[in-house]
$ cat input-v1.cif   # mmCIF, C-alpha atoms
data_query
loop_
_atom_site.group_PDB
_atom_site.id
_atom_site.type_symbol
_atom_site.label_atom_id
_atom_site.label_comp_id
_atom_site.auth_asym_id
_atom_site.auth_seq_id
_atom_site.Cartn_x
_atom_site.Cartn_y
_atom_site.Cartn_z
ATOM 1 C CA MET A 378 106.782 80.835 -6.482
ATOM 2 C CA GLU A 379 103.439 79.742 -5.038
ATOM 3 C CA ASN A 380 102.395 78.373 -8.418
ATOM 4 C CA PHE A 381 105.480 76.185 -8.485
ATOM 5 C CA ARG A 382 104.740 74.940 -4.961
ATOM 6 C CA GLU A 383 101.222 74.035 -6.037
ATOM 7 C CA LYS A 384 102.617 72.079 -8.970
ATOM 8 C CA LEU A 385 104.970 70.224 -6.656
ATOM 9 C CA THR A 386 102.301 69.244 -4.160
ATOM 10 C CA ALA A 387 100.095 68.007 -7.002
ATOM 11 C CA CYS A 388 102.831 66.416 -9.115
ATOM 12 C CA VAL A 389 102.667 62.890 -10.433
ATOM 13 C CA PRO A 390 105.765 60.694 -10.778
ATOM 14 C CA ASN A 391 106.617 58.993 -14.024
ATOM 15 C CA GLU A 392 104.996 55.603 -14.513
ATOM 16 C CA GLY A 393 106.481 52.975 -12.230
ATOM 17 C CA LYS A 394 108.444 55.583 -10.236
ATOM 18 C CA THR A 395 107.892 57.429 -6.958
ATOM 19 C CA LEU A 396 108.402 61.031 -5.914
ATOM 20 C CA VAL A 397 109.987 60.078 -2.599
ATOM 21 C CA ILE A 398 112.743 57.505 -2.214
ATOM 22 C CA GLU A 399 114.309 56.137 0.962
ATOM 23 C CA THR A 400 118.086 56.146 0.598
ATOM 24 C CA ARG A 401 120.482 54.027 2.619
ATOM 25 C CA ASP A 402 122.608 56.903 3.932
ATOM 26 C CA TYR A 403 120.701 60.148 3.382
ATOM 27 C CA GLY A 404 117.157 59.554 4.575
ATOM 28 C CA LYS A 405 114.196 60.354 2.357
ATOM 29 C CA VAL A 406 114.743 62.310 -0.832
ATOM 30 C CA ILE A 407 112.136 63.999 -3.041
ATOM 31 C CA ARG A 408 112.682 63.918 -6.811
ATOM 32 C CA TYR A 409 110.276 66.176 -8.703
ATOM 33 C CA PRO A 410 110.450 65.491 -12.472
ATOM 34 C CA VAL A 411 110.203 68.704 -14.495
ATOM 35 C CA LYS A 412 108.414 68.261 -17.811
ATOM 36 C CA THR A 413 109.809 70.307 -20.701
ATOM 37 C CA HIS A 414 109.294 70.755 -24.406
ATOM 38 C CA VAL A 415 111.375 68.606 -26.750
ATOM 39 C CA VAL A 416 114.755 70.303 -26.574
ATOM 40 C CA MET A 417 116.401 70.819 -29.962
ATOM 41 C CA SER A 418 120.018 71.087 -31.012
ATOM 42 C CA ASN A 419 121.939 74.192 -29.928
ATOM 43 C CA GLU A 420 119.192 75.550 -27.676
ATOM 44 C CA ASP A 421 120.413 77.911 -24.959
ATOM 45 C CA ILE A 422 120.675 75.796 -21.784
ATOM 46 C CA PHE A 423 120.456 78.926 -19.612
ATOM 47 C CA ALA A 424 117.226 79.956 -21.329
ATOM 48 C CA LEU A 425 115.937 76.436 -20.735
ATOM 49 C CA MET A 426 116.712 76.755 -17.021
ATOM 50 C CA ASP A 427 115.030 80.162 -16.895
ATOM 51 C CA ARG A 428 111.894 78.741 -18.466
ATOM 52 C CA TYR A 429 111.530 75.774 -16.135
ATOM 53 C CA VAL A 430 113.703 76.193 -13.035
ATOM 54 C CA THR A 431 115.170 79.640 -12.279
ATOM 55 C CA GLY A 432 113.440 81.385 -9.389
ATOM 56 C CA LYS A 433 111.594 78.232 -8.379
ATOM 57 C CA VAL A 434 114.211 76.492 -6.249
ATOM 58 C CA LYS A 435 115.810 77.090 -2.871
ATOM 59 C CA SER A 436 119.524 77.321 -2.215
ATOM 60 C CA ASP A 437 119.652 73.879 -0.569
ATOM 61 C CA ASP A 438 117.899 72.162 -3.476
ATOM 62 C CA TYR A 439 119.695 70.273 -6.202
ATOM 63 C CA VAL A 440 118.787 70.314 -9.868
ATOM 64 C CA PHE A 441 119.622 67.057 -11.634
ATOM 65 C CA ILE A 442 119.838 67.345 -15.423
ATOM 66 C CA SER A 443 120.022 64.512 -17.925
ATOM 67 C CA GLU A 444 123.319 64.540 -19.778
ATOM 68 C CA LYS A 445 121.400 64.011 -23.017
ATOM 69 C CA VAL A 446 119.880 67.490 -22.791
ATOM 70 C CA ILE A 447 123.257 69.103 -22.127
ATOM 71 C CA ALA A 448 124.763 67.279 -25.104
ATOM 72 C CA ILE A 449 121.856 68.292 -27.344
ATOM 73 C CA CYS A 450 122.161 71.952 -26.329
ATOM 74 C CA GLN A 451 125.886 71.775 -27.096
ATOM 75 C CA GLY A 452 125.209 70.441 -30.580
ATOM 76 C CA ARG A 453 126.747 67.070 -29.742
ATOM 77 C CA ALA A 454 123.809 64.956 -30.964
ATOM 78 C CA TYR A 455 123.778 63.832 -34.601
ATOM 79 C CA ASP A 456 121.203 62.368 -36.937
ATOM 80 C CA ILE A 457 122.682 59.029 -37.963
ATOM 81 C CA ASP A 458 121.973 59.873 -41.609
ATOM 82 C CA GLU A 459 124.571 62.621 -41.264
ATOM 83 C CA LEU A 460 127.243 60.345 -39.803
ATOM 84 C CA ARG A 461 129.621 58.437 -42.042
ATOM 85 C CA PRO A 462 131.264 55.751 -39.880
ATOM 86 C CA ARG A 463 134.796 54.842 -40.936
ATOM 87 C CA ARG A 464 135.781 51.221 -41.515
ATOM 88 C CA LEU A 465 137.420 50.990 -38.107
ATOM 89 C CA ALA A 466 134.179 52.043 -36.391
ATOM 90 C CA LYS A 467 132.196 49.437 -38.324
ATOM 91 C CA PHE A 468 134.721 46.742 -37.437
ATOM 92 C CA LEU A 469 135.090 47.500 -33.717
ATOM 93 C CA SER A 470 131.357 47.933 -33.104
ATOM 94 C CA ARG A 471 130.786 44.280 -34.034
ATOM 95 C CA PHE A 472 132.593 43.121 -30.883
ATOM 96 C CA VAL A 473 130.830 45.361 -28.342
ATOM 97 C CA TYR A 474 128.332 43.812 -25.934
ATOM 98 C CA GLN A 475 124.911 45.454 -26.341
ATOM 99 C CA SER A 476 123.072 45.912 -23.061
ATOM 100 C CA PRO A 477 119.263 45.803 -23.056
ATOM 101 C CA TYR A 478 119.412 49.273 -21.465
ATOM 102 C CA GLY A 479 121.216 50.967 -24.344
ATOM 103 C CA ILE A 480 123.145 50.351 -27.505
ATOM 104 C CA GLY A 481 126.355 51.878 -26.151
ATOM 105 C CA LEU A 482 129.174 51.585 -28.688
ATOM 106 C CA GLY A 483 127.606 48.554 -30.334
ATOM 107 C CA SER A 484 126.759 50.430 -33.511
ATOM 108 C CA PRO A 485 128.980 51.963 -36.207
ATOM 109 C CA TRP A 486 127.512 55.416 -35.490
ATOM 110 C CA THR A 487 128.264 55.440 -31.765
ATOM 111 C CA MET A 488 131.693 53.894 -32.265
ATOM 112 C CA GLU A 489 132.427 56.606 -34.817
ATOM 113 C CA LEU A 490 131.569 59.259 -32.218
ATOM 114 C CA ALA A 491 133.813 57.513 -29.697
ATOM 115 C CA ILE A 492 136.742 57.597 -32.093
ATOM 116 C CA ARG A 493 136.117 61.286 -32.799
ATOM 117 C CA ASP A 494 135.748 62.293 -29.153
ATOM 118 C CA VAL A 495 138.153 59.956 -27.363
ATOM 119 C CA GLY A 496 140.719 59.451 -30.112
ATOM 120 C CA THR A 497 141.741 56.567 -32.341
ATOM 121 C CA VAL A 498 144.783 55.532 -30.298
ATOM 122 C CA ARG A 499 142.917 55.244 -26.998
ATOM 123 C CA ILE A 500 139.984 53.394 -28.572
ATOM 124 C CA LEU A 501 142.342 50.914 -30.266
ATOM 125 C CA PHE A 502 144.264 50.384 -27.017
ATOM 126 C CA ALA A 503 141.005 49.814 -25.129
ATOM 127 C CA ALA A 504 139.856 47.323 -27.774
ATOM 128 C CA LEU A 505 143.180 45.455 -27.619
ATOM 129 C CA CYS A 506 143.069 45.175 -23.823
ATOM 130 C CA ALA A 507 139.457 43.992 -23.962
ATOM 131 C CA ALA A 508 140.354 41.325 -26.519
ATOM 132 C CA ILE A 509 143.225 40.061 -24.344
ATOM 133 C CA THR A 510 141.217 39.905 -21.105
ATOM 134 C CA LYS A 511 137.917 38.610 -22.498
ATOM 135 C CA PRO A 512 139.010 34.924 -22.594
ATOM 136 C CA PHE A 513 139.681 35.199 -18.843
ATOM 137 C CA GLY A 514 136.091 36.262 -18.177
ATOM 138 C CA LYS A 515 136.858 39.914 -17.516
ATOM 139 C CA ARG A 516 134.258 42.316 -18.885
ATOM 140 C CA GLY A 517 134.081 46.088 -19.000
ATOM 141 C CA ILE A 518 137.815 46.576 -19.638
ATOM 142 C CA PHE A 519 137.135 48.459 -22.873
ATOM 143 C CA TYR A 520 134.977 51.095 -21.181
ATOM 144 C CA LYS A 521 137.331 51.421 -18.195
ATOM 145 C CA ILE A 522 140.201 52.327 -20.515
ATOM 146 C CA ALA A 523 138.157 54.361 -23.011
ATOM 147 C CA GLY A 524 136.774 56.409 -20.110
ATOM 148 C CA MET A 525 133.661 58.339 -19.194
ATOM 149 C CA LYS A 526 133.335 60.025 -22.579
ATOM 150 C CA ALA A 527 132.995 56.643 -24.261
ATOM 151 C CA ARG A 528 130.615 55.257 -21.618
ATOM 152 C CA ALA A 529 128.262 58.225 -22.010
ATOM 153 C CA ILE A 530 127.891 57.900 -25.779
ATOM 154 C CA ASP A 531 124.469 56.613 -26.766
ATOM 155 C CA GLY A 532 122.747 55.724 -29.993
ATOM 156 C CA PRO A 533 119.299 55.569 -31.574
ATOM 157 C CA CYS A 534 116.652 53.661 -29.658
ATOM 158 C CA ALA A 535 113.022 52.961 -30.519
ATOM 159 C CA CYS A 536 111.864 54.006 -27.042
ATOM 160 C CA THR A 537 113.459 57.465 -27.274
ATOM 161 C CA ILE A 538 111.263 60.456 -28.039
ATOM 162 C CA PRO A 539 111.481 61.635 -31.706
ATOM 163 C CA PRO A 540 113.567 62.918 -33.368
ATOM 164 C CA TYR A 541 116.210 61.444 -31.051
ATOM 165 C CA ASN A 542 115.177 57.877 -31.794
ATOM 166 C CA HIS A 543 117.249 58.478 -34.959
ATOM 167 C CA PHE A 544 120.212 60.219 -33.292
ATOM 168 C CA ALA A 545 123.540 59.299 -31.755
ATOM 169 C CA LYS A 546 125.067 61.604 -29.159
ATOM 170 C CA MET A 547 128.380 62.283 -27.498
ATOM 171 C CA ALA A 548 128.925 62.959 -23.822
ATOM 172 C CA PRO A 549 128.553 66.610 -22.776
ATOM 173 C CA ALA A 550 131.675 68.727 -23.116
ATOM 174 C CA ALA A 551 133.175 70.135 -19.882
ATOM 175 C CA PRO A 552 130.291 68.860 -17.689
ATOM 176 C CA ASN A 553 131.726 70.134 -14.374
ATOM 177 C CA GLN A 554 132.172 73.624 -15.798
ATOM 178 C CA VAL A 555 128.642 73.568 -17.250
ATOM 179 C CA ALA A 556 127.189 72.424 -13.923
ATOM 180 C CA LYS A 557 129.038 75.174 -12.038
ATOM 181 C CA SER A 558 127.846 77.876 -14.458
ATOM 182 C CA LEU A 559 124.257 76.639 -14.235
ATOM 183 C CA ALA A 560 124.424 76.550 -10.428
ATOM 184 C CA GLU A 561 125.561 80.166 -10.322
ATOM 185 C CA HIS A 562 122.719 81.047 -12.681
ATOM 186 C CA ILE A 563 119.851 79.310 -10.868
ATOM 187 C CA GLY A 564 121.120 79.544 -7.286
ATOM 188 C CA CYS A 565 121.426 75.919 -6.188
ATOM 189 C CA GLY A 566 123.579 72.844 -6.723
ATOM 190 C CA VAL A 567 123.512 71.211 -10.162
ATOM 191 C CA VAL A 568 124.300 67.619 -11.127
ATOM 192 C CA ILE A 569 124.614 66.356 -14.706
ATOM 193 C CA ILE A 570 123.660 62.716 -14.616
ATOM 194 C CA ASP A 571 123.505 59.698 -16.898
ATOM 195 C CA ALA A 572 120.920 57.363 -15.408
ATOM 196 C CA ASN A 573 119.193 54.290 -16.730
ATOM 197 C CA ASP A 574 117.558 51.269 -15.161
ATOM 198 C CA LEU A 575 120.960 49.571 -14.874
ATOM 199 C CA ASN A 576 123.191 52.180 -13.230
ATOM 200 C CA VAL A 577 123.798 55.852 -12.477
ATOM 201 C CA GLU A 578 126.838 57.841 -13.612
ATOM 202 C CA VAL A 579 127.605 61.336 -12.293
ATOM 203 C CA LEU A 580 129.145 63.153 -15.262
ATOM 204 C CA GLY A 581 129.354 66.625 -13.794
ATOM 205 C CA LYS A 582 128.544 68.538 -10.621
ATOM 206 C CA SER A 583 128.735 72.153 -9.593
ATOM 207 C CA SER A 584 130.719 71.461 -6.424
ATOM 208 C CA LYS A 585 132.984 68.682 -5.219
ATOM 209 C CA ASP A 586 131.011 68.828 -1.968
ATOM 210 C CA ILE A 587 128.062 67.143 -3.703
ATOM 211 C CA ASN A 588 128.545 63.487 -2.837
ATOM 212 C CA ASP A 589 128.456 61.022 -5.728
ATOM 213 C CA SER A 590 126.975 58.417 -3.396
ATOM 214 C CA PHE A 591 124.056 60.726 -2.613
ATOM 215 C CA CYS A 592 123.417 61.256 -6.320
ATOM 216 C CA ARG A 593 123.471 57.528 -7.070
ATOM 217 C CA GLN A 594 121.235 56.608 -4.144
ATOM 218 C CA ALA A 595 118.734 59.376 -4.908
ATOM 219 C CA PHE A 596 118.516 58.319 -8.572
ATOM 220 C CA ARG A 597 118.962 54.562 -8.307
ATOM 221 C CA ASP A 598 115.527 53.912 -9.856
ATOM 222 C CA ASN A 599 115.994 56.450 -12.666
ATOM 223 C CA PRO A 600 112.966 58.665 -11.851
ATOM 224 C CA LEU A 601 113.346 60.671 -15.060
ATOM 225 C CA GLY A 602 112.474 57.647 -17.192
ATOM 226 C CA GLN A 603 114.045 56.487 -20.427
ATOM 227 C CA SER A 604 111.476 57.127 -23.134
ATOM 228 C CA ALA A 605 108.823 59.731 -23.979
ATOM 229 C CA GLN A 606 108.305 61.252 -20.522
ATOM 230 C CA SER A 607 109.975 64.562 -21.541
ATOM 231 C CA THR A 608 111.265 65.037 -17.995
ATOM 232 C CA PRO A 609 115.000 65.631 -18.425
ATOM 233 C CA ILE A 610 115.243 67.727 -15.249
ATOM 234 C CA ALA A 611 114.480 66.952 -11.614
ATOM 235 C CA VAL A 612 114.358 69.179 -8.551
ATOM 236 C CA VAL A 613 115.844 67.116 -5.729
ATOM 237 C CA ARG A 614 115.604 67.775 -2.002
ATOM 238 C CA ARG A 615 116.651 65.853 1.063
ATOM 239 C CA ILE A 616 114.175 65.432 3.904
ATOM 240 C CA ASP A 617 115.754 65.225 7.359
ATOM 241 C CA ARG A 618 115.107 61.885 9.017
ATOM 242 C CA ALA A 619 113.681 63.596 12.088
ATOM 243 C CA ALA A 620 111.322 65.723 10.022
ATOM 244 C CA ALA A 621 110.288 62.812 7.830
ATOM 245 C CA SER A 622 109.435 60.330 10.605
ATOM 246 C CA PRO A 623 106.096 61.862 11.735
ATOM 247 C CA GLN A 624 104.915 61.898 8.102
ATOM 248 C CA CYS A 625 104.927 58.121 7.679
ATOM 249 C CA GLY A 626 101.789 56.970 5.931
ATOM 250 C CA ARG A 627 101.059 60.370 4.448
ATOM 251 C CA SER A 628 100.770 60.878 0.714
ATOM 252 C CA GLU A 629 103.769 61.972 -1.300
ATOM 253 C CA GLY A 630 102.002 65.240 -2.000
ATOM 254 C CA ALA A 631 101.600 65.849 1.708
ATOM 255 C CA ILE A 632 105.274 65.107 2.319
ATOM 256 C CA LEU A 633 106.206 67.566 -0.440
ATOM 257 C CA LYS A 634 103.989 70.236 1.058
ATOM 258 C CA ALA A 635 105.350 69.649 4.536
ATOM 259 C CA SER A 636 108.893 70.051 3.268
ATOM 260 C CA HIS A 637 108.072 73.615 2.106
ATOM 261 C CA ILE A 638 109.177 73.180 -1.490
#
$ encode --input "input-v1.cif" --output "structure tokens"
Amino acid sequence: MENFREKLTACVPNEGKTLVIETRDYGKVIRYPVKTHVVMSNEDIFALMDRYVTGKVKSDDYVFISEKVIAICQGRAYDIDELRPRRLAKFLSRFVYQSPYGIGLGSPWTMELAIRDVGTVRILFAALCAAITKPFGKRGIFYKIAGMKARAIDGPCACTIPPYNHFAKMAPAAPNQVAKSLAEHIGCGVVIIDANDLNVEVLGKSSKDINDSFCRQAFRDNPLGQSAQSTPIAVVRRIDRAAASPQCGRSEGAILKASHI
């Protein structure tokens, strides 16, 4: 336990990020990025937690986990060489807007996964509605109808750590159930999150009492990073406003130490 505290007080945020963030509604929040090995397909997520988290958190902490790691452990990430997109996937992917923050469904491989996971009928209906509303300047209709599973699908990206720069992945299966099981295992709240530099999506949480707004505000700058940081987990803790005020001007390490993590 003491060793973990020492690591926290000496920790360094990912480049361009901070350990402590001031939220609009919840005061100051500490986000400690936990560096791991490169997680491979079908690894035991509970063993992963035991290696890096279990026994090192308090009951009022939160553990935020990247949805990518959950999907990988569930075997829901695929080398694109192993995917054979159908004609429909190739056709529909041509009309998807590609954000600079991720390929989304703008590739045959990710669209193929969307059809497999969401279903052909729903994807076709979403595409039809998007085509009808697009001339009126309405965007995002496709993803609203296709749902969270479609929004969380991601494809290969040059900035992603190998081998996943050559992979496409589905959303995690049963994310709320996974978060609840992990929370019972490690002894604190768990949030499965999809964060990038554009937005934050809460895919799963161990309790409905964990406020989505808190999660989004605490992770609005994506402290886990998007490339080779290998920090798919964060230990998150709120600092009471009253306790945080006298620490103004102190280093982040000092704030961490004062918060007894």
$ residues_around --input "input-v1.cif" --residues "stretch 558-563 of chain A" --least-positions-apart "2" --cutoff "10 Å" --atoms "all atoms listed in the file" --output "ChimeraX atom specification"
/A:422-423,426-427,430-436,439-440,552-556,565-568,582-584
$ atom_distance --input "input-v1.cif" --atom1 "atom CA of A:Arg614" --atom2 "atom CA of A:Ala551"
25.2 Å
$ resolve_selection --input "input-v1.cif" --expression "the PyMOL selection byres ((chain A and resi 484-497) around 10)" --output "VMD selection string"
chain A and resid 453 to 473 475 480 to 483 498 to 503 523 to 533 544 to 548 550
$ residues_around --input "input-v1.cif" --residues "A:Asn599" --least-positions-apart "6" --cutoff "9 Å" --atoms "only C-alpha atoms" --output "PyMOL selection string"
chain A and resi 394+572-577
$ axis_aligned_box --input "input-v1.cif" --around "stretch 467-475 of chain A" --padding-each-side "8 Å" --output "JSON"
{"center_x": 130.0, "center_y": 46.3, "center_z": -32.1, "size_x": 26.2, "size_y": 22.3, "size_z": 28.4}
$ atom_distance --input "input-v1.cif" --atom1 "atom CA of A:Leu601" --atom2 "atom CA of A:Gly581"
17.1 Å
$ resolve_selection --input "input-v1.cif" --expression "the PyMOL selection byres ((chain A and resi 393) around 10)" --output "VMD selection string"
chain A and resid 390 to 392 394 to 395 598 600 602
$ closest_atom_pairs --input "input-v1.cif" --of "stretch 438-505 of chain A" --to "stretch 400-421 of chain A" --cutoff "6 Å" --atoms "all atoms listed in the file" --output "JSON lines"
{"residue": "A:Ile449", "atom": "CA", "partner": "A:Ser418", "partner_atom": "CA", "distance": 5.0}
{"residue": "A:Cys450", "atom": "CA", "partner": "A:Asn419", "partner_atom": "CA", "distance": 4.2}
{"residue": "A:Gln451", "atom": "CA", "partner": "A:Asn419", "partner_atom": "CA", "distance": 5.4}
{"residue": "A:Gly452", "atom": "CA", "partner": "A:Asn419", "partner_atom": "CA", "distance": 5.0}
